[in-house]
Structure formats: structure tokens, C-alpha cells
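Student: Could you have a look at this structure, given as C-alpha cells, before my questions?
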Amino acid sequence: MPTPFPLPTFQDVIDAAGRLRGHAHRTPVLRSATADAQTGAQLFFKCENFQRMGAFKFRGAFNALSRFSAVQRKGGVVAFSSGNHAQAVALSARMLGIPAVILMPQDAPQAKVDATRGYLGADGGEVILFDRYTQDREALTRELAEQRGLTIVPPFNHADVIAGQGTAARELLEEAGPLDYLFVCVGGGGLISGSALAARALAPNCKVIGVEPEAGNDAQQSLRTGAIVTIPTPQTIADGAQTQSIGTLTFEIIRRDVNDIVTVTDAQLVAAMRFFAERMKIVAEPTGCLGFAGALQAGKALAGARVGIVVSGGNVDMARFAALLAG
């Protein structure tokens with residue numbers, strides 16, 4: 001059944017890659033003999049924690065803002081985010097000379113709030129804090145857009161954002177070759193939607209697996225029931241996956257192109273964080289560990305397979321990071 005709105009395609013991912021060339025980092029694909037031994041598989045880690053502003057979100061934000069008209073660029077952009085999309089829009093807006101207003105939850109990691117303000121610069125825009133448990137971020141964003149003539153760039157339910165995010169999986173598949181599985185974190189679904197577009201085009205037999213925090217499995221419920229499920233804001237250390245529902249665009253791509261969505265506990269996320277720090281010497285935020293935690297949970301079921309894992313980001317307060325690993 002056709003959707004009432006156009007979905008992004010793999011050609012959009014290719015076009016996004018062209019816009020990002022020279023602006024986004026081509027992040028490394030790392031390997032770990034220890035991780036391979038634990039799963040019996042060959043694991044390929046696409047490390048978006050080394051991306052500009054520390055997460056894959058830069059790809060989607062820059063792609064979307066780079067397509068603004070002259071009128072939109074003059075009017076400015078408004079975005080809401082728990083942190084990484086905020087930083088991505090702030091940095092992209094500064095690079096492109098576009099004024100920006102960013103709404104962030106008041107309990108967002110301080111490192112992400114501080115970084116967002118830093119990327120905006122002294123005269124580049126402002127950060128407005130809100131209570132994610134009592135206030136409607138989308139309503140607040142719409143109100144600001146109407147009052148100030150700003151263009152909204154949402155964190156995931158936007159064709160240009162999805163296309164930009166898909167460039168990470170495209171690079172992974174280009175470097176690693178065909179994969180049997182691709183594990184991707186799921187918040188609002190932008191990254192896994194873009195990743196699925198790339199996987200279907202470049203590795204049609206690859207099983208695309210989404211991974212959510214156990215406390216916030218709205219995408220899993222949505223995939224299995226065939227309709228978007230909305231849940232209360234989940235209580236999880238994976239702050240980038242504290243979404244209440246996936247988007248209309250991301251849902252359509254997920255139910256068409258994603259094979260399954262699994263969940264992991266916060267304890268499993270901490271174990272993955274510890275592995276990254278101790279064995280691979282990299283810092284990954286809890287949300288960035290979802291894909292690896294999902295692969296570790298699958299364990300020997302992956303034996304003999306070639307497995308891609310997107311490490312989505314590394315923006316975490318160091319005090320929080322140390323406390324989680326010490327706990």
C-alpha cells in the first residue's frame with residue numbers, strides 16, 4: 001500500500017554523501033579480536049563517536065540545513081533534542097551561517113548542553129531548556145517557529161535527516177563489504193531508517209536489526225503491531241533513546257526494510273561501555289552502545305556471520321561515564 005508522503009530513497013543517501021563530502025568525517029571501521037571470539041562472528045564497528053560533534057547526528061543535520069532556501073537561511077532554524085541532534089544542528093548552523101534556536105530537556109547531560117552552547121557561539125543562537133516529562137517539546141518548537149519565522153528540523157522524522165544518517169551505513173558497507181547482519185540503535189528511527197536504505201541497496205541479504213533500551217521499546221511494539229505505538233518517556237541511561245514514539249516516515253521504512261528490533265537492559269549497556277573502554281580504548285555513550293549490546297545478546301547465534309555495528313556516538317559526561325563503569 002503506497003504511503004501518503006514520499007519516503008527518502010538510496011539515491012537521497014548518495015546525494016547526501018555528496019553534500020557532506022569535505023564537511024563530515026569518514027569515521028573509522030574498527031575490529032576487535034576479543035569481540036569476534038565472544039560471538040564467533042566477524043564484527044565491524046562503524047565508530048560515529050569520532051564524527052564531528054561526537055555523533056552520527058551531524059550527517060543528518062548538515063544535510064538538512066544545506067538544503068535550506070535563501071529565505072530559510074535568513075529566518076533561521078529551530079530544533080529539539082536530548083543532546084546530539086542539538087549539537088549537530090548548532091554546529092551545522094554555525095558552519096552555514098544560519099541563526100539557530102535549540103530546545104533541550106533540562107535533564108540532558110550537562111556536557112551536551114555546554115557543547116551545544118559552544119557550537120552556537122556567542123552570537124549564533126540560543127538554548128532553551130524544557131521539562132521533558134511535563135512539557136510537549138514539539139508544541140513548544142512549533143510555537144517558536146511560528147513566532148520567529150524559524151524552520152523546524154526535527155531529530156528523525158525528516159527525509160533529509162534520514163538520508164544524511166544513511167551515509168554512515170553506506171560507508172561501513174563500502175569499507176567492510178557485504179554484511180549478514182547490521183545492528184543499529186533505535187530512538188526515533190532516523191539512523192536505522194537511513195541504514196536500512198543503504199543496506200537494502202548495497203547488501204540486500206543483510207538482516208537489519210534495531211536495538212532499543214528495554215524500558216523504551218516503542219519501536220519494537222510498533223514493528224510487531226503494524227502501527228506506531230506511543231509510550232511514556234522511558235527511564236533509561238540511554239538518553240538518546242528516550243523517545244516516546246518513532247516518526248511517520250521512519251515507521252514506514254522500518255516496517256518495510258528492518259528485519260527485527262530487540263531490546264537490552266541498562267546493565268547490558270554498561271557492560272558494552274566497559275568493553276569499549278577496556279578492550280578497544282574508545283568512549284561510547286550509553287545510546288551508542290545499543291547496537292553492540294544487541295549483538296552480544298545474540299551471542300553464538302551470530303557464529304560465522306559478518307556483522308556490522310554502528311557505534312552512534314560518544315557524548316557522555318566524564319563523571320557519569322566513570323560512575324557507570326565503577327558501579
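Chain labels run A, B, ... following the order of the C-alpha cells; each chain numbers its residues from 1, and ligands are numbered from 1 in the order shown.
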Hey, what does DSSP flag as strand (DSSP E or B) within region 64-242 of chain A? Can you give it to me as number ranges by chain?

Tutor: A: 77-80, 100-105, 125-130, 151-152, 181-185, 207-213

Student: Residues within 7 Å of region 118-123 of chain A, please, as a PyMOL selection string. Count only C-alpha atoms; anything in the same chain fewer than 5 positions from it doesn't count.

Tutor: chain A and resi 87+90-91+94

Student: Could you write those residues out with C-alpha atoms, as a short mmCIF file (atom, residue, chain, number, x, y, z; two decimals), in the first residue's frame?

Tutor:
```cif
data_model
loop_
_atom_site.label_atom_id
_atom_site.label_comp_id
_atom_site.auth_asym_id
_atom_site.auth_seq_id
_atom_site.Cartn_x
_atom_site.Cartn_y
_atom_site.Cartn_z
CA GLN A 87 24.81 19.81 18.92
CA ALA A 90 24.13 24.05 16.33
CA LEU A 91 27.41 23.15 14.60
CA ARG A 94 27.26 27.92 12.57
#
```

Student: Which of these, A:Gln42, A:Leu7, A:Ile152, A:Val101, has the shortest distance to Phe251 (chain A) once you count only C-alpha atoms?

Tutor: A:Leu7

Student: Considering only C-alpha atoms, can you say which of A:Val258, A:Ala241, A:Ala108, A:Leu20 comes closest to Ser92 (chain A)?

Tutor: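 Checking each of A:Val258, A:Ala241, A:Ala108, A:Leu20 against Ser92 (chain A), counting only C-alpha atoms, the winner is A:Leu20.
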
Student: Using only C-alpha atoms, which residue out of A:Gly308, A:Gly210, A:Gly190, A:Gly216 lies closest to Ala41 (chain A)?

Tutor: A:Gly308

Student: Quick check, in Å to one decimal: how far apart do CA of Gln268 (chain A) and CA of Ala86 (chain A) lie?

Tutor: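 Pair CA of Gln268 (chain A) / CA of Ala86 (chain A) returns 26.6 Å.
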
Student: Restricting the calculation to only C-alpha atoms: of A:Val311, A:Ala215, A:Met95, A:Cys206, which residue gets closest to Gln235 (chain A)?

Tutor: A:Ala215

Student: Which is closer to Leu144 (chain A) than all the others in A:Asp180, A:Ala169, A:Asn205, A:Phe80, using only C-alpha atoms?

Tutor: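 The answer is A:Phe80, which sits nearest to Leu144 (chain A).
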
Student: Run DSSP on the backbone and give me the residues of region 43-276 of chain A it puts in alpha helix (DSSP H), as a PyMOL selection string.

Tutor: chain A and resi 57-66+70-75+84-96+110-120+137-148+159-176+190-202+218-225+248-257+266-276

Student: Tell me which protein, DNA and RNA residues are within 7 Å of Ile128 (chain A), counting only C-alpha atoms, leaving out same-chain ones fewer than 4 positions away, and put them as an MDAnalysis selection string.

Tutor: chainID A and resid 102:104

Student: Using only C-alpha atoms, can you tell me which of A:Thr167, A:Arg256, A:Leu173, A:Thr134 comes closest to Gly18 (chain A)?

Tutor: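 With only C-alpha atoms as the atom set, the closest residue is A:Thr167.
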
Student: Please provide as a PyMOL selection string all residues within 10 Å of Ala305 (chain A), with the sequence filter that same-chain residues fewer than 4 positions apart are discarded (counting only C-alpha atoms).

Tutor: chain A and resi 36+39-43+179-181+300-301

Student: What would the file look like if the residues just selected were written as a CSV table (one decimal), in the first residue's frame with N, CA, C and O atoms?

Tutor:
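This is the output file part_18.csv:
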```
chain,number,residue,atom,x,y,z
A,36,ASP,N,35.1,-10.7,18.4
A,36,ASP,CA,34.9,-11.7,17.5
A,36,ASP,C,34.9,-13.1,18.2
A,36,ASP,O,34.0,-14.0,17.9
A,39,THR,N,31.6,-13.8,20.1
A,39,THR,CA,30.4,-14.0,19.3
A,39,THR,C,30.6,-15.1,18.3
A,39,THR,O,29.6,-15.6,17.7
A,40,GLY,N,31.8,-15.4,18.0
A,40,GLY,CA,32.1,-16.4,16.9
A,40,GLY,C,31.9,-15.8,15.5
A,40,GLY,O,31.8,-16.5,14.5
A,41,ALA,N,31.8,-14.5,15.5
A,41,ALA,CA,31.5,-13.7,14.3
A,41,ALA,C,32.6,-12.8,13.9
A,41,ALA,O,33.5,-12.6,14.7
A,42,GLN,N,32.5,-12.1,12.8
A,42,GLN,CA,33.4,-11.0,12.4
A,42,GLN,C,32.6,-9.8,12.6
A,42,GLN,O,31.7,-9.5,11.9
A,43,LEU,N,33.1,-8.9,13.6
A,43,LEU,CA,32.4,-7.7,13.9
A,43,LEU,C,33.1,-6.5,13.3
A,43,LEU,O,34.3,-6.4,13.4
A,179,LEU,N,27.5,-7.5,4.4
A,179,LEU,CA,27.3,-8.0,5.8
A,179,LEU,C,26.1,-8.9,5.8
A,179,LEU,O,25.2,-8.8,5.1
A,180,ASP,N,26.1,-9.8,6.8
A,180,ASP,CA,25.0,-10.7,7.1
A,180,ASP,C,24.0,-10.0,8.1
A,180,ASP,O,22.8,-10.3,8.0
A,181,TYR,N,24.5,-9.2,9.0
A,181,TYR,CA,23.7,-8.5,10.0
A,181,TYR,C,24.2,-7.1,10.1
A,181,TYR,O,25.4,-6.8,10.0
A,300,LYS,N,26.3,-16.5,20.2
A,300,LYS,CA,26.7,-17.5,19.3
A,300,LYS,C,25.7,-17.7,18.1
A,300,LYS,O,26.0,-18.4,17.1
A,301,ALA,N,24.5,-17.1,18.2
A,301,ALA,CA,23.6,-17.1,17.1
A,301,ALA,C,24.2,-16.4,15.9
A,301,ALA,O,23.7,-16.6,14.7
```

Student: Need the shell around Glu174 (chain A): protein/DNA/RNA residues with any atom at most 12 Å away, counting only C-alpha atoms. Skip same-chain ones fewer than 6 positions apart. Format as a list in words?

Tutor: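 In the requested format, the answer is Arg26, Pro28, Val29, Phe44, Lys46, Thr167, Ala168, Ala198, Ala199, Ala201, Leu202, Ala203 and Gly308 of chain A.
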
Student: Restricted to N, CA and C atoms, what would the selected residues look like written as a tab-separated table (two decimals), in the first residue's frame?

Tutor:
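Output file part12.tsv is given in full below:
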```tsv
chain	number	residue	atom	x	y	z
A	26	ARG	N	34.84	10.90	7.54
A	26	ARG	CA	34.63	9.49	7.19
A	26	ARG	C	35.20	8.69	8.36
A	28	PRO	N	36.22	5.87	11.25
A	28	PRO	CA	36.87	4.56	11.06
A	28	PRO	C	35.94	3.38	11.32
A	29	VAL	N	36.28	2.27	10.69
A	29	VAL	CA	35.63	0.98	10.97
A	29	VAL	C	36.67	0.16	11.74
A	44	PHE	N	32.31	-5.61	12.71
A	44	PHE	CA	32.85	-4.39	12.11
A	44	PHE	C	32.15	-3.20	12.76
A	46	LYS	N	31.40	0.61	13.10
A	46	LYS	CA	31.44	1.93	12.46
A	46	LYS	C	31.37	2.97	13.56
A	167	THR	N	24.25	7.77	5.34
A	167	THR	CA	25.60	7.78	4.78
A	167	THR	C	26.60	7.03	5.66
A	168	ALA	N	26.32	6.90	6.95
A	168	ALA	CA	27.23	6.15	7.83
A	168	ALA	C	27.24	4.67	7.46
A	198	ALA	N	20.51	2.06	2.96
A	198	ALA	CA	21.83	1.71	2.44
A	198	ALA	C	22.01	0.20	2.36
A	199	ALA	N	21.58	-0.51	3.39
A	199	ALA	CA	21.75	-1.96	3.41
A	199	ALA	C	20.95	-2.64	2.31
A	201	ALA	N	20.18	-1.51	-0.53
A	201	ALA	CA	20.78	-1.23	-1.84
A	201	ALA	C	22.12	-1.94	-2.03
A	202	LEU	N	22.93	-1.99	-0.97
A	202	LEU	CA	24.30	-2.48	-1.10
A	202	LEU	C	24.49	-3.91	-0.62
A	203	ALA	N	23.62	-4.40	0.24
A	203	ALA	CA	23.72	-5.77	0.76
A	203	ALA	C	22.31	-6.30	0.99
A	308	GLY	N	27.88	-5.95	11.09
A	308	GLY	CA	28.17	-4.53	11.22
A	308	GLY	C	27.47	-3.96	12.44
```

Student: Contacts of Thr263 (chain A) at 8 Å or less, counting only C-alpha atoms, minus same-chain residues fewer than 3 places along, as a list in words?

Tutor: Val211, Glu212, Pro213, Glu214, Asn217 and Gly294 of chain A

Student: Those same residues, written as an mmCIF file, in the first residue's frame with N, CA and C atoms?

Tutor:
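What follows is the written file part_32.cif:
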```
data_model
loop_
_atom_site.group_PDB
_atom_site.id
_atom_site.type_symbol
_atom_site.label_atom_id
_atom_site.label_comp_id
_atom_site.auth_asym_id
_atom_site.auth_seq_id
_atom_site.Cartn_x
_atom_site.Cartn_y
_atom_site.Cartn_z
ATOM 1 N N VAL A 211 18.043 -1.977 17.858
ATOM 2 C CA VAL A 211 18.213 -2.272 19.283
ATOM 3 C C VAL A 211 17.742 -1.075 20.103
ATOM 4 N N GLU A 212 16.820 -1.336 21.010
ATOM 5 C CA GLU A 212 16.264 -0.309 21.896
ATOM 6 C C GLU A 212 16.559 -0.646 23.347
ATOM 7 N N PRO A 213 16.495 0.349 24.245
ATOM 8 C CA PRO A 213 16.549 0.033 25.671
ATOM 9 C C PRO A 213 15.277 -0.706 26.076
ATOM 10 N N GLU A 214 15.425 -1.667 26.970
ATOM 11 C CA GLU A 214 14.279 -2.473 27.409
ATOM 12 C C GLU A 214 13.142 -1.603 27.940
ATOM 13 N N ASN A 217 10.685 0.348 24.520
ATOM 14 C CA ASN A 217 10.599 -0.491 23.310
ATOM 15 C C ASN A 217 9.436 -0.111 22.407
ATOM 16 N N GLY A 294 23.194 -5.375 21.653
ATOM 17 C CA GLY A 294 22.289 -6.280 20.961
ATOM 18 C C GLY A 294 23.017 -7.443 20.320
#
```

Student: Leaving out region 313-325 of chain A and any residue of its chain fewer than 3 positions from it, which residues lie within 8 Å of it when counting only C-alpha atoms, given as an MDAnalysis selection string?

Tutor: chainID A and resid 47:51 54:56 84 109:112 270 273:274 283:288

Student: Distance CA of Ala145 (chain A)-CA of Lys74 (chain A), one decimal place?

Tutor: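 Value for the CA of Ala145 (chain A)-CA of Lys74 (chain A) distance: 13.3 Å.
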